[in-house]
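So this one's work09.cif, mmCIF, C-alpha atoms:
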data_input
loop_
_atom_site.label_atom_id
_atom_site.label_comp_id
_atom_site.auth_asym_id
_atom_site.auth_seq_id
_atom_site.Cartn_x
_atom_site.Cartn_y
_atom_site.Cartn_z
CA MET A 18 244.12 65.33 516.29
CA LYS A 19 246.97 63.17 515.05
CA PHE A 20 247.16 60.31 512.64
CA ARG A 21 249.24 57.50 514.07
CA GLN A 22 250.71 54.33 512.72
CA ALA A 23 252.25 51.52 514.71
CA ALA A 24 255.53 52.67 516.19
CA ALA A 25 258.41 50.63 514.84
CA PRO A 26 261.77 50.60 516.58
CA GLY A 27 264.04 53.27 515.16
CA PRO A 28 267.73 53.96 515.65
CA GLY A 29 268.91 53.19 519.18
CA GLY A 30 265.86 51.00 519.92
CA ARG A 31 263.56 53.99 520.47
CA PRO A 32 260.18 54.01 518.71
CA HIS A 33 260.13 55.86 515.41
CA ARG A 34 257.56 58.67 515.40
CA THR A 35 255.17 58.45 512.47
CA ALA A 36 252.44 60.78 513.71
CA ILE A 37 251.25 63.41 511.25
CA SER A 38 249.33 66.31 512.72
CA MET A 39 246.12 67.58 511.18
CA ARG A 40 247.85 70.94 510.77
CA THR A 41 250.50 69.30 508.57
CA VAL A 42 247.85 67.58 506.45
CA VAL A 43 245.98 70.86 505.94
CA ARG A 44 249.22 72.71 505.13
CA VAL A 45 250.26 70.15 502.53
CA LEU A 46 246.77 70.24 501.01
CA ALA A 47 246.96 74.05 500.91
CA GLN A 48 250.37 73.80 499.22
CA VAL A 49 249.05 71.51 496.49
CA VAL A 50 245.86 73.49 495.86
CA THR A 51 247.71 76.82 495.86
CA ALA A 52 250.33 75.49 493.44
CA ALA A 53 247.61 74.13 491.16
CA ALA A 54 245.75 77.46 491.21
CA LEU A 55 248.96 79.34 490.40
CA ALA A 56 249.72 76.86 487.60
CA VAL A 57 246.31 77.57 486.04
CA ASP A 58 246.99 81.30 486.34
CA ALA A 59 250.42 80.87 484.72
CA TYR A 60 249.07 78.70 481.90
CA VAL A 61 246.25 81.07 481.00
CA HIS A 62 248.50 84.13 480.99
CA ALA A 63 251.21 82.39 478.94
CA ASP A 64 248.60 81.07 476.50
CA LEU A 65 246.98 84.48 476.00
CA ALA A 66 250.21 86.51 475.76
CA SER A 67 250.82 86.37 471.98
CA PRO A 68 247.53 87.92 470.83
CA TYR A 69 248.14 90.85 473.19
CA ASP A 70 251.65 91.69 471.96
CA ARG A 71 250.21 94.52 469.84
CA VAL A 72 248.42 96.17 472.78
CA GLY A 73 250.60 98.91 474.25
CA GLN A 74 253.23 101.43 473.21
CA GLN A 75 256.22 100.94 475.52
CA ILE A 76 255.21 97.78 477.40
CA SER A 77 252.80 95.43 475.66
CA GLN A 78 249.99 93.60 477.39
CA GLY A 79 251.55 90.38 476.08
CA THR A 80 254.76 91.19 477.95
CA LEU A 81 252.78 91.81 481.13
CA PHE A 82 250.97 88.47 480.65
CA ARG A 83 254.31 86.66 480.24
CA LEU A 84 255.63 88.36 483.37
CA GLU A 85 252.54 87.26 485.31
CA ALA A 86 252.98 83.70 484.01
CA ALA A 87 256.62 83.66 485.15
CA VAL A 88 255.86 85.07 488.60
CA ALA A 89 252.92 82.67 489.12
CA SER A 90 255.13 79.75 488.04
CA LEU A 91 257.82 80.80 490.50
CA ALA A 92 255.25 81.13 493.28
CA ALA A 93 253.85 77.66 492.52
CA LEU A 94 257.32 76.14 492.68
CA LEU A 95 258.22 77.97 495.89
CA VAL A 96 255.04 76.97 497.70
CA LEU A 97 255.62 73.32 496.82
CA LEU A 98 259.26 73.36 497.89
CA LEU A 99 259.21 75.82 500.80
CA GLY A 100 255.62 75.73 502.06
CA ARG A 101 256.75 75.54 505.68
CA ARG A 102 257.92 79.14 505.55
CA ARG A 103 255.51 82.01 506.10
CA PRO A 104 257.19 84.45 503.65
CA VAL A 105 256.42 82.02 500.82
CA TRP A 106 252.73 82.16 501.72
CA VAL A 107 252.86 85.96 501.74
CA PHE A 108 254.40 85.89 498.26
CA THR A 109 251.80 83.45 496.89
CA PHE A 110 249.01 85.53 498.42
CA LEU A 111 250.34 88.74 496.86
CA VAL A 112 250.73 87.08 493.45
CA SER A 113 247.19 85.66 493.55
CA VAL A 114 245.50 88.79 494.91
CA SER A 115 247.30 91.16 492.53
CA ALA A 116 246.35 89.04 489.51
CA LEU A 117 242.74 88.77 490.69
CA GLY A 118 242.61 92.50 491.38
CA ALA A 119 243.92 93.30 487.91
CA VAL A 120 241.49 91.00 486.09
CA LEU A 121 238.55 92.42 488.06
CA LEU A 122 239.66 96.03 487.69
CA TYR A 123 240.25 95.83 483.95
CA GLY A 124 237.09 93.80 483.46
CA TYR A 125 234.82 96.42 484.97
CA VAL A 126 236.68 99.76 484.81
CA ASN A 127 238.18 101.47 481.78
CA VAL A 128 241.25 102.78 483.59
CA GLY A 129 243.06 103.83 480.43
CA ALA A 130 246.80 103.73 479.93
CA LEU A 131 248.87 104.25 483.09
CA GLY A 132 252.28 105.63 482.15
CA PRO A 133 254.04 102.93 480.12
CA LEU A 134 251.30 100.37 480.87
CA PRO A 135 248.69 99.86 478.15
CA ASN A 136 244.95 100.26 478.51
CA MET A 137 243.92 96.69 479.32
CA TYR A 138 240.17 97.29 479.66
CA GLU A 139 238.27 94.29 478.33
CA PRO A 140 234.71 93.72 479.56
CA PHE A 141 234.35 90.34 477.80
CA TRP A 142 234.56 87.35 480.17
CA GLY A 143 235.48 84.22 478.24
CA PRO A 144 236.21 80.79 479.71
CA LYS A 145 239.97 81.36 480.05
CA ARG A 146 239.55 84.69 481.80
CA THR A 147 236.86 83.31 484.10
CA GLY A 148 238.94 80.23 484.88
CA SER A 149 241.96 82.37 485.61
CA ALA A 150 239.94 84.61 487.96
CA ILE A 151 238.56 81.59 489.81
CA ALA A 152 242.04 80.08 490.12
CA GLU A 153 243.43 83.38 491.41
CA ALA A 154 240.67 83.62 494.01
CA VAL A 155 241.27 80.02 495.12
CA GLY A 156 245.00 80.73 495.27
CA ALA A 157 244.43 83.79 497.43
CA VAL A 158 242.20 81.92 499.89
CA THR A 159 244.46 78.88 500.17
CA SER A 160 247.52 81.14 500.52
CA LEU A 161 245.85 82.87 503.43
CA VAL A 162 245.01 79.50 505.00
CA GLY A 163 248.60 78.36 504.47
CA PHE A 164 249.93 81.52 506.09
CA LEU A 165 247.63 81.21 509.09
CA ILE A 166 248.33 77.53 509.64
CA THR A 167 252.10 77.89 509.21
CA GLY A 168 253.04 79.58 512.43
CA PRO A 169 256.46 80.83 513.37
CA PRO A 170 258.95 78.07 514.19
CA ARG A 171 258.50 76.74 517.71
CA SER A 172 261.43 76.17 520.00
CA ALA A 173 261.95 72.76 521.58
CA SER A 174 260.68 74.08 524.92
CA THR A 175 257.30 75.13 523.50
CA ARG A 176 256.57 71.96 521.53
CA PRO A 177 253.98 69.62 522.96
CA PRO A 178 255.29 66.37 524.41
CA PRO A 179 255.15 63.31 522.10
#
Mind turning the file's structure into structure tokens?
Amino acid sequence: MKFRQAAAPGPGGRPHRTAISMRTVVRVLAQVVTAAALAVDAYVHADLASPYDRVGQQISQGTLFRLEAAVASLAALLVLLLGRRRPVWVFTFLVSVSALGAVLLYGYVNVGALGPLPNMYEPFWGPKRTGSAIAEAVGAVTSLVGFLITGPPRSASTRPPP
């Protein structure tokens, strides 16, 4: 299915193509939703970092939260700018899934300290933590959709005729 507008003459008198495929619309929508989900993830982690600076010996939980905020911000920017490339979708998926996995793991399992990483077990689910988990889940799903819909580049011989 394609959206079409009236073809206006372009350079050289040929009609200018203005068709937008449904795949492109879905990809752009996935880019925007994924970036928004990653932005929520980044905001929550940046906002919660300071109170957790005291948790941990070598690496504080606040430092880990700031790192997550930076990586999620980078992923949001990349998906908006380079969403036509499959490796970007892999990166956004890994960022979203790893953050979701961590919040679920440390919400339900008292793992304890792992080497230099602090014990981040916290069974309390407040609005920020819940919102972050929802955003991470949405980001993971939309990243997967973006990856699946963004196929490898097609050569001119395999493209459908206009």
Worksheet item: So what do you get for CA of Leu131 in chain A versus CA of Gln75 in chain A, distance-wise?
Response: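 CA of Leu131 in chain A sits 11.1 Å away from CA of Gln75 in chain A.
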Worksheet item: CA of Ala116 in chain A and CA of Leu81 in chain A, how far apart in Å?
Response: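 Separation between CA of Leu81 in chain A and CA of Ala116 in chain A: 10.9 Å.
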Item to complete: Rounded to one decimal place, report the CA of Ala93 in chain A-CA of Val105 in chain A distance in Å.
Response: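 It comes out at 9.7 Å.
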Item to complete: Select, from A:Met137, A:Leu65, A:Leu121, A:Leu161, the residue with the minimum atom-to-atom distance to Phe108 in chain A, counting all atoms listed in the file.
Response: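 Using all atoms listed in the file, the shortest distance to Phe108 in chain A belongs to A:Leu161.
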Discussion item. Nearest residue to Val112 in chain A out of A:Leu134, A:Ala92, A:Val43, A:Ala87, using only C-alpha atoms?
Written reply: A:Ala92
Worksheet item: Got a sec to resolve the PyMOL selection byres ((chain A and resi 90) around 9) on this structure and send the residues as number ranges by chain?
Response: A: 52, 55-56, 58-60, 85-89, 91-95
Store the residues of this selection in a file with C-alpha atoms, as an mmCIF file, in the coordinates of the input.
data_model
loop_
_atom_site.group_PDB
_atom_site.id
_atom_site.type_symbol
_atom_site.label_atom_id
_atom_site.label_comp_id
_atom_site.auth_asym_id
_atom_site.auth_seq_id
_atom_site.Cartn_x
_atom_site.Cartn_y
_atom_site.Cartn_z
ATOM 1 C CA ALA A 52 250.330 75.490 493.440
ATOM 2 C CA LEU A 55 248.960 79.340 490.400
ATOM 3 C CA ALA A 56 249.720 76.860 487.600
ATOM 4 C CA ASP A 58 246.990 81.300 486.340
ATOM 5 C CA ALA A 59 250.420 80.870 484.720
ATOM 6 C CA TYR A 60 249.070 78.700 481.900
ATOM 7 C CA GLU A 85 252.540 87.260 485.310
ATOM 8 C CA ALA A 86 252.980 83.700 484.010
ATOM 9 C CA ALA A 87 256.620 83.660 485.150
ATOM 10 C CA VAL A 88 255.860 85.070 488.600
ATOM 11 C CA ALA A 89 252.920 82.670 489.120
ATOM 12 C CA LEU A 91 257.820 80.800 490.500
ATOM 13 C CA ALA A 92 255.250 81.130 493.280
ATOM 14 C CA ALA A 93 253.850 77.660 492.520
ATOM 15 C CA LEU A 94 257.320 76.140 492.680
ATOM 16 C CA LEU A 95 258.220 77.970 495.890
#
Item to complete: Excluding Gly163 in chain A and any residue of its chain fewer than 6 positions from it, enumerate the residues within 7 Å of it, using all atoms listed in the file, and give them as a ChimeraX atom specification.
Response: /A:44,47,106
Those selected residues, please, written with C-alpha atoms and delivered as a compact mmCIF listing (two decimals), in the frame of the given file.
# COMPACT_ATOMS: atom_id res chain seq x y z
CA ARG A 44 249.22 72.71 505.13
CA ALA A 47 246.96 74.05 500.91
CA TRP A 106 252.73 82.16 501.72
Worksheet item: Pick from A:Thr80, A:Ser160, A:Thr41, A:Thr51: nearest to Phe110 in chain A, with only C-alpha atoms counted?
Response: A:Ser160
Worksheet item: Quick one: which residues end up in the PyMOL selection byres ((chain A and resi 154) around 12) for this structure, as a PyMOL selection string?
Response: chain A and resi 50-51+54-55+57-58+109-121+147-153+155-161
Grab the residues selected above and save them as a PDB file, in the coordinates of the input with C-alpha atoms.
ATOM      1  CA  VAL A  50     245.860  73.490 495.860  1.00  0.00           C
ATOM      2  CA  THR A  51     247.710  76.820 495.860  1.00  0.00           C
ATOM      3  CA  ALA A  54     245.750  77.460 491.210  1.00  0.00           C
ATOM      4  CA  LEU A  55     248.960  79.340 490.400  1.00  0.00           C
ATOM      5  CA  VAL A  57     246.310  77.570 486.040  1.00  0.00           C
ATOM      6  CA  ASP A  58     246.990  81.300 486.340  1.00  0.00           C
ATOM      7  CA  THR A 109     251.800  83.450 496.890  1.00  0.00           C
ATOM      8  CA  PHE A 110     249.010  85.530 498.420  1.00  0.00           C
ATOM      9  CA  LEU A 111     250.340  88.740 496.860  1.00  0.00           C
ATOM     10  CA  VAL A 112     250.730  87.080 493.450  1.00  0.00           C
ATOM     11  CA  SER A 113     247.190  85.660 493.550  1.00  0.00           C
ATOM     12  CA  VAL A 114     245.500  88.790 494.910  1.00  0.00           C
ATOM     13  CA  SER A 115     247.300  91.160 492.530  1.00  0.00           C
ATOM     14  CA  ALA A 116     246.350  89.040 489.510  1.00  0.00           C
ATOM     15  CA  LEU A 117     242.740  88.770 490.690  1.00  0.00           C
ATOM     16  CA  GLY A 118     242.610  92.500 491.380  1.00  0.00           C
ATOM     17  CA  ALA A 119     243.920  93.300 487.910  1.00  0.00           C
ATOM     18  CA  VAL A 120     241.490  91.000 486.090  1.00  0.00           C
ATOM     19  CA  LEU A 121     238.550  92.420 488.060  1.00  0.00           C
ATOM     20  CA  THR A 147     236.860  83.310 484.100  1.00  0.00           C
ATOM     21  CA  GLY A 148     238.940  80.230 484.880  1.00  0.00           C
ATOM     22  CA  SER A 149     241.960  82.370 485.610  1.00  0.00           C
ATOM     23  CA  ALA A 150     239.940  84.610 487.960  1.00  0.00           C
ATOM     24  CA  ILE A 151     238.560  81.590 489.810  1.00  0.00           C
ATOM     25  CA  ALA A 152     242.040  80.080 490.120  1.00  0.00           C
ATOM     26  CA  GLU A 153     243.430  83.380 491.410  1.00  0.00           C
ATOM     27  CA  VAL A 155     241.270  80.020 495.120  1.00  0.00           C
ATOM     28  CA  GLY A 156     245.000  80.730 495.270  1.00  0.00           C
ATOM     29  CA  ALA A 157     244.430  83.790 497.430  1.00  0.00           C
ATOM     30  CA  VAL A 158     242.200  81.920 499.890  1.00  0.00           C
ATOM     31  CA  THR A 159     244.460  78.880 500.170  1.00  0.00           C
ATOM     32  CA  SER A 160     247.520  81.140 500.520  1.00  0.00           C
ATOM     33  CA  LEU A 161     245.850  82.870 503.430  1.00  0.00           C
TER      34      LEU A 161
END
Practice prompt. Report the residues retrieved by the PyMOL selection byres ((chain A and resi 138-144) around 9) from the displayed file, expressed as a ChimeraX atom specification.
Written response: /A:122-129,136-137,145-149
Write the residues of the preceding selection, restricted to C-alpha atoms, as a PDB file, in the frame of the given file.
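Listed below is the output, result-v4.pdb:
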ATOM      1  CA  LEU A 122     239.660  96.030 487.690  1.00  0.00           C
ATOM      2  CA  TYR A 123     240.250  95.830 483.950  1.00  0.00           C
ATOM      3  CA  GLY A 124     237.090  93.800 483.460  1.00  0.00           C
ATOM      4  CA  TYR A 125     234.820  96.420 484.970  1.00  0.00           C
ATOM      5  CA  VAL A 126     236.680  99.760 484.810  1.00  0.00           C
ATOM      6  CA  ASN A 127     238.180 101.470 481.780  1.00  0.00           C
ATOM      7  CA  VAL A 128     241.250 102.780 483.590  1.00  0.00           C
ATOM      8  CA  GLY A 129     243.060 103.830 480.430  1.00  0.00           C
ATOM      9  CA  ASN A 136     244.950 100.260 478.510  1.00  0.00           C
ATOM     10  CA  MET A 137     243.920  96.690 479.320  1.00  0.00           C
ATOM     11  CA  LYS A 145     239.970  81.360 480.050  1.00  0.00           C
ATOM     12  CA  ARG A 146     239.550  84.690 481.800  1.00  0.00           C
ATOM     13  CA  THR A 147     236.860  83.310 484.100  1.00  0.00           C
ATOM     14  CA  GLY A 148     238.940  80.230 484.880  1.00  0.00           C
ATOM     15  CA  SER A 149     241.960  82.370 485.610  1.00  0.00           C
TER      16      SER A 149
END
Discussion item. Just checking: using all atoms listed in the file, which residue out of A:Pro133, A:Val162, A:Met39, A:Thr167 ends up closest to Val72 in chain A?
Written reply: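 Among the listed residues, A:Pro133 lies closest to Val72 in chain A.
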